[in-house]
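Student: What follows is a structure written as structure tokens; I'll ask about it next.
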Amino acid sequence: MTYNFDAVIDRTETHSMKWDPTSLKEQFNAEDLLPLWVADMDFKAPQPVIDALTQRATHGIYGYTHRTEAYHQAVTGWMKRRHDWDISQEWVLFTPGIVPAINFLIQSLCRPGDGIIVQPPVYYPFFTAIKNNGCHLVLNPLVYDKNQYLMNFNDLKRKAEDPRNTLLLLCSPHNPVGRVWNREELTELGKICTENNVTIVSDEIHSDLVFEGFKHTPLASISNDFSNNCISCTAPSKTFNLAGLQTSNLIISNPEIRRKVTRTIEQHHLGLSNCFGTVGLIAAYTHGEPWLEQLLDYLKKNVETLEHFLKERLPEIKLIKPEGTYLAWLDCHSIESDPIALERVMQKKAQLALDEGYIFGEEGHGFERINFACPKSILEKALKAMEKAFHGK
Ligand SMILES: Cc1ncc(COP(=O)(O)O)c(C=O)c1O
């Protein structure tokens, strides 16, 4: 089956956080913005997922849901096929989303006052999860060098050696800078953390969205030592556009860590699945690959559109070319380095709802994050609006 990712589908009547005018008003104080912000896609899910959900919906009874063998086989089969990673069914813990999971993990593995290391600019709910659970934010900023982001291992080592710092939140692939960390980088990070008893939470929610020439490596798959010291956060939500089904899985081989996290999930009574999420995950992981291959092709072309447009018509804005994810990180320093002034131009003049770089940490000042998982026509409309706002064309 060939999918049409060019189709523009009206989402305004679907309670969409990205598109609903009242949501935009809440978030940006304006209703009439073109939204390319929060990380979901303006594409329909794979047809087998739509069919499975339709069948489940027409059944008409939406009672409590049990995760059967089919669910576990779908997860373990996906990890093996797509990431060459052998995992046991018992390592898989359901959570109703990765952000809740990160909070459960901090509650399970840290004490208030512990230091938690993050690598900004990074997905901002990491900051809130750390603060809301009474822990200290410990920054190990990425190094921005010649249009490329790298990890600062010397700084990481110093921070990992401090016994007050007990956990690291890794974003792999990295939102917002789009790096797909390679095996060598992950091995270096894994060694530093494991040697210093810093547990790694590896948020791999974007791991299926990787462009040709790059390869995602699950950190826990590198060695038994890493697996023993790592919690992997996975989900079909970004991959197949199922974020509203709130279905994700932690993969934890260490039985002691698993026991602690299970206890926290049970304390909140949040281990029960959603009846649609269960069916959606099984269909996506079992039958979604042809759709995903076409999606990756389409996203790659959108990156080319973005790159070409900026080079030709708005060269003051530099694209940090993503190796993975459907989020592009734009360096706008040479056009406007003040983050609030930049926000004003994007929202008031271009009428675009983007994620402002500064929400990802101080290192994001002067940057914008644009979600390019939309039909090409919408992306072009956004780029033209940006050009007009900055050049008055
Ligand atoms: C790195 C990362 N983790 C987690 C999430 C959200 O996960 P969930 O919707 O499952 O809570 C996102 C969404 O953008 C993300 O980029």
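Following the order of the structure tokens, first chain is A, next is B, and so on, with residues numbered from 1 inside each chain and ligands from 1 in the order they appear.
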As a quick test: using only C-alpha atoms and all ligand atoms, which residues lie no more than 8 Å away from ligand 1? Give them as a ChimeraX atom specification.
Tutor: /A:38-40,96-101,122-123,125,171-176,203-206,235,237-238,243-244,246-248
Student: I'd like the interatomic distance between CA of Ala57 in chain A and CA of Leu250 in chain A, to a tenth of an Å.
Tutor: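 Computed distance, CA of Ala57 in chain A to CA of Leu250 in chain A, equals 26.9 Å.
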Student: Using only C-alpha atoms, which of the listed residues (A:Leu245, A:Thr194, A:Gln294, A:Ser232) sits closest to Cys275 in chain A?
Tutor: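 For Cys275 in chain A, the nearest of the given residues is A:Leu245.
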Student: In Å to one decimal, how far is CA of Phe309 in chain A from CA of Asp10 in chain A?
Tutor: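 Separating CA of Asp10 in chain A from CA of Phe309 in chain A is a distance of 25.3 Å.
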Student: Expressed in Å to a single decimal, how great is the separation between CA of Gln73 in chain A and CA of Pro236 in chain A?
Tutor: 14.1 Å
Student: Per DSSP on the backbone, what are the alpha helix (DSSP H) residues of range 149-375 of chain A, as a compact mmCIF listing (two decimals) with N, CA, C and O atoms, in the first residue's frame?
Tutor:
```txt
# COMPACT_ATOMS: atom_id res chain seq x y z
N PHE A 153 32.64 14.69 27.29
CA PHE A 153 32.91 13.55 28.18
C PHE A 153 33.77 13.93 29.39
O PHE A 153 33.62 13.34 30.45
N ASN A 154 34.67 14.91 29.22
CA ASN A 154 35.50 15.30 30.37
C ASN A 154 34.62 15.88 31.47
O ASN A 154 34.75 15.53 32.65
N ASP A 155 33.71 16.73 31.06
CA ASP A 155 32.79 17.34 32.03
C ASP A 155 31.86 16.26 32.63
O ASP A 155 31.59 16.25 33.83
N LEU A 156 31.40 15.35 31.77
CA LEU A 156 30.52 14.28 32.26
C LEU A 156 31.23 13.45 33.33
O LEU A 156 30.65 13.11 34.37
N LYS A 157 32.51 13.15 33.07
CA LYS A 157 33.28 12.32 34.01
C LYS A 157 33.36 13.02 35.38
O LYS A 157 33.10 12.42 36.41
N ARG A 158 33.66 14.32 35.33
CA ARG A 158 33.75 15.07 36.59
C ARG A 158 32.42 15.01 37.34
O ARG A 158 32.38 14.80 38.55
N LYS A 159 31.34 15.14 36.61
CA LYS A 159 30.02 15.16 37.28
C LYS A 159 29.62 13.77 37.74
O LYS A 159 29.02 13.61 38.80
N ALA A 160 29.97 12.75 36.96
CA ALA A 160 29.62 11.38 37.35
C ALA A 160 30.41 10.94 38.58
O ALA A 160 29.95 10.13 39.38
N GLU A 161 31.64 11.49 38.72
CA GLU A 161 32.49 11.11 39.87
C GLU A 161 31.97 11.68 41.19
O GLU A 161 32.34 11.21 42.25
N ARG A 183 27.64 4.32 18.32
CA ARG A 183 28.02 3.29 19.30
C ARG A 183 29.21 3.73 20.16
O ARG A 183 29.23 3.48 21.37
N GLU A 184 30.17 4.42 19.53
CA GLU A 184 31.37 4.84 20.29
C GLU A 184 30.98 5.86 21.35
O GLU A 184 31.43 5.79 22.50
N GLU A 185 30.16 6.81 20.96
CA GLU A 185 29.74 7.84 21.93
C GLU A 185 28.96 7.19 23.08
O GLU A 185 29.17 7.51 24.26
N LEU A 186 28.06 6.28 22.72
CA LEU A 186 27.24 5.64 23.77
C LEU A 186 28.10 4.77 24.68
O LEU A 186 27.86 4.69 25.89
N THR A 187 29.12 4.15 24.09
CA THR A 187 30.00 3.29 24.89
C THR A 187 30.79 4.14 25.89
O THR A 187 30.91 3.79 27.07
N GLU A 188 31.27 5.28 25.41
CA GLU A 188 32.02 6.20 26.29
C GLU A 188 31.12 6.67 27.44
O GLU A 188 31.52 6.62 28.61
N LEU A 189 29.92 7.09 27.09
CA LEU A 189 28.99 7.57 28.13
C LEU A 189 28.64 6.43 29.09
O LEU A 189 28.63 6.61 30.32
N GLY A 190 28.35 5.27 28.54
CA GLY A 190 27.98 4.11 29.36
C GLY A 190 29.07 3.74 30.35
O GLY A 190 28.80 3.45 31.51
N LYS A 191 30.32 3.79 29.87
CA LYS A 191 31.46 3.43 30.74
C LYS A 191 31.58 4.41 31.89
O LYS A 191 31.74 4.03 33.04
N ILE A 192 31.54 5.69 31.54
CA ILE A 192 31.70 6.72 32.59
C ILE A 192 30.62 6.54 33.65
O ILE A 192 30.90 6.54 34.86
N CYS A 193 29.39 6.34 33.24
CA CYS A 193 28.29 6.23 34.21
C CYS A 193 28.39 4.93 35.01
O CYS A 193 28.24 4.92 36.23
N THR A 194 28.66 3.84 34.31
CA THR A 194 28.66 2.54 34.99
C THR A 194 29.81 2.46 36.00
O THR A 194 29.63 1.99 37.13
N GLU A 195 30.98 2.99 35.60
CA GLU A 195 32.13 2.95 36.53
C GLU A 195 31.88 3.81 37.78
O GLU A 195 32.48 3.60 38.81
N ASN A 224 26.40 -6.35 28.88
CA ASN A 224 25.60 -6.76 30.04
C ASN A 224 25.72 -5.74 31.18
O ASN A 224 24.75 -5.46 31.88
N ASP A 225 26.94 -5.18 31.30
CA ASP A 225 27.13 -4.17 32.37
C ASP A 225 26.22 -2.97 32.13
O ASP A 225 25.60 -2.44 33.06
N PHE A 226 26.16 -2.53 30.87
CA PHE A 226 25.30 -1.37 30.57
C PHE A 226 23.82 -1.75 30.79
O PHE A 226 23.06 -0.98 31.36
N SER A 227 23.45 -2.93 30.33
CA SER A 227 22.06 -3.36 30.46
C SER A 227 21.65 -3.37 31.93
O SER A 227 20.56 -2.94 32.30
N ASN A 228 22.57 -3.81 32.77
CA ASN A 228 22.31 -3.91 34.20
C ASN A 228 22.16 -2.55 34.86
O ASN A 228 21.56 -2.42 35.92
N SER A 237 4.74 5.61 20.07
CA SER A 237 3.98 6.87 19.95
C SER A 237 4.56 7.85 18.93
O SER A 237 3.82 8.40 18.10
N LYS A 238 5.89 8.09 18.98
CA LYS A 238 6.47 9.01 17.98
C LYS A 238 6.50 8.31 16.63
O LYS A 238 6.15 8.90 15.61
N THR A 239 6.94 7.06 16.63
CA THR A 239 7.13 6.30 15.39
C THR A 239 5.87 6.27 14.53
O THR A 239 5.92 6.48 13.32
N PHE A 240 4.72 5.99 15.17
CA PHE A 240 3.49 5.75 14.39
C PHE A 240 2.41 6.81 14.64
O PHE A 240 1.26 6.61 14.27
N PRO A 255 16.76 -6.96 37.77
CA PRO A 255 15.54 -7.30 38.53
C PRO A 255 15.32 -6.38 39.73
O PRO A 255 14.17 -6.10 40.08
N GLU A 256 16.41 -5.90 40.33
CA GLU A 256 16.26 -5.02 41.49
C GLU A 256 15.64 -3.67 41.07
O GLU A 256 14.72 -3.17 41.72
N ILE A 257 16.14 -3.13 39.96
CA ILE A 257 15.58 -1.85 39.47
C ILE A 257 14.12 -2.08 39.06
O ILE A 257 13.23 -1.30 39.38
N ARG A 258 13.88 -3.21 38.40
CA ARG A 258 12.51 -3.50 37.93
C ARG A 258 11.55 -3.58 39.12
O ARG A 258 10.43 -3.08 39.07
N ARG A 259 12.01 -4.20 40.18
CA ARG A 259 11.16 -4.36 41.37
C ARG A 259 10.80 -2.97 41.95
O ARG A 259 9.64 -2.69 42.25
N LYS A 260 11.82 -2.11 42.03
CA LYS A 260 11.57 -0.77 42.60
C LYS A 260 10.59 0.02 41.73
O LYS A 260 9.69 0.70 42.24
N VAL A 261 10.79 -0.05 40.41
CA VAL A 261 9.94 0.75 39.51
C VAL A 261 8.52 0.19 39.50
O VAL A 261 7.53 0.94 39.54
N THR A 262 8.40 -1.14 39.53
CA THR A 262 7.07 -1.77 39.56
C THR A 262 6.30 -1.28 40.79
O THR A 262 5.12 -0.97 40.73
N ARG A 263 7.03 -1.20 41.91
CA ARG A 263 6.38 -0.76 43.15
C ARG A 263 5.81 0.66 42.99
O ARG A 263 4.68 0.93 43.37
N THR A 264 6.60 1.54 42.41
CA THR A 264 6.12 2.93 42.24
C THR A 264 4.89 2.96 41.32
O THR A 264 3.91 3.64 41.61
N ILE A 265 4.96 2.20 40.23
CA ILE A 265 3.83 2.20 39.29
C ILE A 265 2.58 1.66 40.02
O ILE A 265 1.49 2.21 39.88
N GLU A 266 2.77 0.63 40.82
CA GLU A 266 1.61 0.07 41.55
C GLU A 266 1.07 1.04 42.60
O GLU A 266 -0.13 1.13 42.81
N GLN A 267 1.99 1.80 43.24
CA GLN A 267 1.53 2.78 44.23
C GLN A 267 0.58 3.79 43.59
O GLN A 267 -0.36 4.26 44.22
N HIS A 268 0.86 4.14 42.34
CA HIS A 268 0.00 5.10 41.64
C HIS A 268 -1.14 4.41 40.91
O HIS A 268 -1.97 5.07 40.30
N CYS A 275 -7.35 0.39 26.51
CA CYS A 275 -7.77 -0.68 25.59
C CYS A 275 -7.38 -0.36 24.14
O CYS A 275 -7.04 -1.26 23.37
N PHE A 276 -7.37 0.91 23.77
CA PHE A 276 -6.98 1.27 22.39
C PHE A 276 -5.46 1.26 22.23
O PHE A 276 -4.95 0.86 21.18
N GLY A 277 -4.77 1.69 23.26
CA GLY A 277 -3.31 1.71 23.19
C GLY A 277 -2.74 0.32 22.98
O GLY A 277 -1.79 0.12 22.21
N THR A 278 -3.33 -0.65 23.66
CA THR A 278 -2.86 -2.03 23.55
C THR A 278 -3.00 -2.53 22.11
O THR A 278 -2.07 -3.06 21.52
N VAL A 279 -4.20 -2.32 21.57
CA VAL A 279 -4.48 -2.78 20.20
C VAL A 279 -3.63 -1.99 19.19
O VAL A 279 -3.10 -2.57 18.23
N GLY A 280 -3.49 -0.71 19.42
CA GLY A 280 -2.70 0.14 18.51
C GLY A 280 -1.24 -0.29 18.48
O GLY A 280 -0.63 -0.39 17.42
N LEU A 281 -0.68 -0.56 19.67
CA LEU A 281 0.73 -0.99 19.73
C LEU A 281 0.92 -2.31 18.99
O LEU A 281 1.85 -2.46 18.18
N ILE A 282 0.03 -3.27 19.23
CA ILE A 282 0.20 -4.59 18.59
C ILE A 282 0.15 -4.44 17.06
O ILE A 282 1.00 -4.96 16.35
N ALA A 283 -0.83 -3.68 16.58
CA ALA A 283 -0.96 -3.52 15.11
C ALA A 283 0.24 -2.78 14.54
O ALA A 283 0.78 -3.16 13.49
N ALA A 284 0.69 -1.74 15.23
CA ALA A 284 1.80 -0.92 14.71
C ALA A 284 3.09 -1.73 14.66
O ALA A 284 3.77 -1.78 13.63
N TYR A 285 3.42 -2.38 15.78
CA TYR A 285 4.68 -3.12 15.84
C TYR A 285 4.65 -4.38 14.95
O TYR A 285 5.68 -4.88 14.53
N THR A 286 3.44 -4.88 14.68
CA THR A 286 3.36 -6.11 13.88
C THR A 286 3.26 -5.81 12.38
O THR A 286 3.84 -6.51 11.57
N HIS A 287 2.49 -4.76 12.03
CA HIS A 287 2.21 -4.53 10.61
C HIS A 287 2.63 -3.14 10.12
O HIS A 287 2.29 -2.76 9.00
N GLU A 289 5.66 -1.67 9.56
CA GLU A 289 6.96 -1.36 8.95
C GLU A 289 6.89 -0.75 7.55
O GLU A 289 7.63 0.20 7.26
N PRO A 290 6.03 -1.26 6.67
CA PRO A 290 5.97 -0.64 5.33
C PRO A 290 5.62 0.85 5.41
O PRO A 290 6.19 1.68 4.69
N TRP A 291 4.71 1.19 6.30
CA TRP A 291 4.33 2.61 6.48
C TRP A 291 5.54 3.40 6.98
O TRP A 291 5.83 4.50 6.48
N LEU A 292 6.26 2.83 7.95
CA LEU A 292 7.39 3.54 8.53
C LEU A 292 8.47 3.82 7.48
O LEU A 292 9.05 4.91 7.45
N GLU A 293 8.72 2.85 6.61
CA GLU A 293 9.73 3.06 5.56
C GLU A 293 9.32 4.24 4.66
O GLU A 293 10.15 5.07 4.29
N GLN A 294 8.03 4.29 4.32
CA GLN A 294 7.56 5.39 3.46
C GLN A 294 7.62 6.72 4.20
O GLN A 294 7.95 7.76 3.63
N LEU A 295 7.28 6.67 5.48
CA LEU A 295 7.35 7.90 6.29
C LEU A 295 8.78 8.45 6.31
O LEU A 295 9.00 9.65 6.11
N LEU A 296 9.75 7.57 6.55
CA LEU A 296 11.14 8.02 6.65
C LEU A 296 11.60 8.66 5.34
O LEU A 296 12.33 9.66 5.34
N ASP A 297 11.13 8.09 4.25
CA ASP A 297 11.43 8.65 2.93
C ASP A 297 10.86 10.06 2.79
O ASP A 297 11.52 10.98 2.29
N TYR A 298 9.62 10.22 3.24
CA TYR A 298 8.94 11.51 3.15
C TYR A 298 9.63 12.54 4.05
O TYR A 298 9.87 13.69 3.64
N LEU A 299 9.98 12.11 5.26
CA LEU A 299 10.63 13.04 6.19
C LEU A 299 11.98 13.50 5.65
O LEU A 299 12.36 14.66 5.79
N LYS A 300 12.68 12.57 5.02
CA LYS A 300 13.99 12.91 4.44
C LYS A 300 13.81 14.00 3.38
O LYS A 300 14.59 14.97 3.31
N LYS A 301 12.75 13.86 2.59
CA LYS A 301 12.52 14.89 1.56
C LYS A 301 12.15 16.23 2.20
O LYS A 301 12.54 17.28 1.71
N ASN A 302 11.42 16.18 3.30
CA ASN A 302 11.11 17.43 4.00
C ASN A 302 12.38 18.10 4.55
O ASN A 302 12.50 19.33 4.54
N VAL A 303 13.33 17.29 4.99
CA VAL A 303 14.60 17.87 5.46
C VAL A 303 15.29 18.56 4.27
O VAL A 303 15.82 19.67 4.40
N GLU A 304 15.22 17.92 3.10
CA GLU A 304 15.85 18.51 1.91
C GLU A 304 15.17 19.84 1.55
O GLU A 304 15.82 20.83 1.21
N THR A 305 13.85 19.85 1.65
CA THR A 305 13.10 21.08 1.38
C THR A 305 13.54 22.20 2.32
O THR A 305 13.81 23.34 1.92
N LEU A 306 13.62 21.85 3.58
CA LEU A 306 14.00 22.80 4.63
C LEU A 306 15.42 23.34 4.34
O LEU A 306 15.67 24.56 4.36
N GLU A 307 16.31 22.42 4.07
CA GLU A 307 17.71 22.77 3.84
C GLU A 307 17.84 23.67 2.61
O GLU A 307 18.50 24.72 2.64
N HIS A 308 17.18 23.29 1.55
CA HIS A 308 17.26 24.01 0.29
C HIS A 308 16.68 25.42 0.45
O HIS A 308 17.28 26.42 0.05
N PHE A 309 15.51 25.49 1.09
CA PHE A 309 14.84 26.79 1.25
C PHE A 309 15.72 27.75 2.06
O PHE A 309 15.93 28.91 1.67
N LEU A 310 16.23 27.25 3.17
CA LEU A 310 17.02 28.13 4.03
C LEU A 310 18.29 28.59 3.30
O LEU A 310 18.65 29.77 3.36
N LYS A 311 18.93 27.69 2.63
CA LYS A 311 20.16 28.04 1.92
C LYS A 311 19.90 29.11 0.86
O LYS A 311 20.65 30.09 0.74
N GLU A 312 18.82 28.92 0.11
CA GLU A 312 18.53 29.82 -1.02
C GLU A 312 17.91 31.14 -0.59
O GLU A 312 18.20 32.19 -1.16
N ARG A 313 16.98 31.05 0.37
CA ARG A 313 16.13 32.24 0.62
C ARG A 313 16.26 32.85 2.01
O ARG A 313 15.83 33.99 2.22
N PRO A 339 16.40 35.81 22.65
CA PRO A 339 15.36 34.78 22.53
C PRO A 339 13.94 35.33 22.54
O PRO A 339 13.06 34.80 21.85
N ILE A 340 13.72 36.40 23.29
CA ILE A 340 12.35 36.93 23.38
C ILE A 340 12.01 37.68 22.09
O ILE A 340 10.89 37.56 21.56
N ALA A 341 12.98 38.42 21.56
CA ALA A 341 12.75 39.12 20.29
C ALA A 341 12.51 38.10 19.17
O ALA A 341 11.63 38.28 18.31
N LEU A 342 13.26 37.01 19.19
CA LEU A 342 13.11 35.96 18.17
C LEU A 342 11.71 35.34 18.26
O LEU A 342 11.02 35.14 17.25
N GLU A 343 11.29 35.06 19.48
CA GLU A 343 9.96 34.50 19.71
C GLU A 343 8.88 35.44 19.15
O GLU A 343 7.93 35.00 18.50
N ARG A 344 9.09 36.73 19.40
CA ARG A 344 8.11 37.72 18.96
C ARG A 344 7.99 37.70 17.42
O ARG A 344 6.90 37.71 16.88
```
Student: Go through A:Leu272, A:Val210, A:Leu34, A:Ile222 and flag the residue nearest Lys381 in chain A, using only C-alpha atoms for the distances.
Tutor: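 Distance minimum relative to Lys381 in chain A lands on A:Leu34.
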Student: Taking the backbone alone, and naming residues the way the document does, which bits of range 181-312 of chain A are strand (DSSP E or B) by DSSP, as a compact mmCIF listing (two decimals) with all heavy atoms, in the first residue's frame?
Tutor:
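In the end it all went to part_36.txt:
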```
# COMPACT_ATOMS: atom_id res chain seq x y z
N THR A 199 23.18 5.60 37.43
CA THR A 199 22.22 4.82 36.64
C THR A 199 21.80 5.64 35.42
O THR A 199 21.64 6.86 35.51
CB THR A 199 20.99 4.49 37.51
OG1 THR A 199 21.46 3.90 38.71
CG2 THR A 199 20.03 3.53 36.81
N ILE A 200 21.62 4.95 34.29
CA ILE A 200 21.26 5.67 33.06
C ILE A 200 19.80 5.40 32.70
O ILE A 200 19.37 4.25 32.57
CB ILE A 200 22.14 5.21 31.88
CG1 ILE A 200 23.62 5.40 32.21
CG2 ILE A 200 21.77 5.96 30.60
CD1 ILE A 200 24.54 4.64 31.27
N VAL A 201 19.05 6.49 32.54
CA VAL A 201 17.71 6.39 31.95
C VAL A 201 17.87 6.83 30.51
O VAL A 201 18.18 7.99 30.23
CB VAL A 201 16.71 7.30 32.70
CG1 VAL A 201 15.37 7.34 31.96
CG2 VAL A 201 16.52 6.83 34.13
N SER A 202 17.70 5.89 29.58
CA SER A 202 17.93 6.19 28.18
C SER A 202 16.57 6.35 27.48
O SER A 202 15.87 5.37 27.26
CB SER A 202 18.74 5.06 27.54
OG SER A 202 19.09 5.40 26.23
N ASP A 203 16.22 7.60 27.21
CA ASP A 203 14.93 7.87 26.57
C ASP A 203 15.11 7.67 25.06
O ASP A 203 15.69 8.49 24.37
CB ASP A 203 14.50 9.32 26.90
CG ASP A 203 13.16 9.67 26.29
OD1 ASP A 203 12.70 8.96 25.37
OD2 ASP A 203 12.57 10.69 26.72
N VAL A 210 15.12 7.36 12.27
CA VAL A 210 16.54 7.58 12.01
C VAL A 210 16.77 7.55 10.50
O VAL A 210 16.25 6.66 9.82
CB VAL A 210 17.37 6.49 12.73
CG1 VAL A 210 18.81 6.49 12.27
CG2 VAL A 210 17.30 6.70 14.24
N CYS A 230 20.92 0.25 33.19
CA CYS A 230 20.18 1.14 32.29
C CYS A 230 18.69 0.79 32.24
O CYS A 230 18.31 -0.38 32.27
CB CYS A 230 20.79 0.99 30.89
SG CYS A 230 19.96 1.93 29.62
N ILE A 231 17.89 1.83 32.14
CA ILE A 231 16.46 1.68 31.90
C ILE A 231 16.22 2.28 30.52
O ILE A 231 16.53 3.45 30.29
CB ILE A 231 15.62 2.45 32.94
CG1 ILE A 231 15.86 1.89 34.33
CG2 ILE A 231 14.14 2.43 32.59
CD1 ILE A 231 16.82 2.70 35.14
N SER A 232 15.67 1.52 29.60
CA SER A 232 15.40 2.04 28.25
C SER A 232 13.93 2.41 28.14
O SER A 232 13.05 1.61 28.49
CB SER A 232 15.73 0.97 27.20
OG SER A 232 17.00 0.42 27.46
N CYS A 233 13.68 3.61 27.66
CA CYS A 233 12.30 4.09 27.51
C CYS A 233 11.92 4.00 26.03
O CYS A 233 12.57 4.63 25.19
CB CYS A 233 12.19 5.54 27.96
SG CYS A 233 12.81 5.83 29.62
N THR A 234 10.89 3.22 25.72
CA THR A 234 10.51 2.99 24.32
C THR A 234 9.00 3.16 24.16
O THR A 234 8.26 3.03 25.12
CB THR A 234 10.88 1.57 23.89
OG1 THR A 234 10.02 0.65 24.56
CG2 THR A 234 12.33 1.22 24.19
N SER A 248 3.42 3.19 26.44
CA SER A 248 4.88 3.11 26.29
C SER A 248 5.41 1.98 27.16
O SER A 248 4.68 1.44 28.02
CB SER A 248 5.51 4.45 26.69
OG SER A 248 5.18 4.76 28.03
N ASN A 249 6.66 1.63 26.95
CA ASN A 249 7.25 0.52 27.70
C ASN A 249 8.65 0.86 28.18
O ASN A 249 9.45 1.40 27.42
CB ASN A 249 7.35 -0.72 26.82
CG ASN A 249 5.98 -1.22 26.43
OD1 ASN A 249 5.22 -1.69 27.27
ND2 ASN A 249 5.63 -1.08 25.16
N LEU A 250 8.92 0.49 29.43
CA LEU A 250 10.29 0.53 29.93
C LEU A 250 10.88 -0.85 29.75
O LEU A 250 10.17 -1.85 29.92
CB LEU A 250 10.30 0.89 31.42
CG LEU A 250 9.67 2.23 31.79
CD1 LEU A 250 9.73 2.43 33.30
CD2 LEU A 250 10.39 3.35 31.06
N ILE A 251 12.14 -0.90 29.39
CA ILE A 251 12.81 -2.19 29.28
C ILE A 251 13.94 -2.19 30.31
O ILE A 251 14.84 -1.35 30.28
CB ILE A 251 13.32 -2.41 27.85
CG1 ILE A 251 12.10 -2.38 26.91
CG2 ILE A 251 14.08 -3.74 27.73
CD1 ILE A 251 12.41 -2.40 25.45
N SER A 273 -3.34 -0.97 31.17
CA SER A 273 -3.25 -0.35 29.83
C SER A 273 -4.58 0.23 29.42
O SER A 273 -5.63 -0.14 29.92
CB SER A 273 -2.91 -1.39 28.79
OG SER A 273 -1.72 -2.00 29.12
```
Student: Please report as a tab-separated table every residue of range 30-91 of chain A lying within 9 Å of range 348-360 of chain A, along with the nearest atom pair and their distance in Å (one decimal), using only C-alpha atoms.
Tutor:
```
residue	atom	partner	partner_atom	distance
A:Ala30	CA	A:Gln351	CA	8.8
A:Asp32	CA	A:Gln351	CA	7.1
A:Leu33	CA	A:Gln351	CA	4.8
A:Leu34	CA	A:Leu352	CA	4.8
A:Pro35	CA	A:Ala353	CA	4.6
A:Leu36	CA	A:Leu354	CA	5.3
A:Trp37	CA	A:Leu354	CA	4.3
A:Val38	CA	A:Asp355	CA	7.2
```
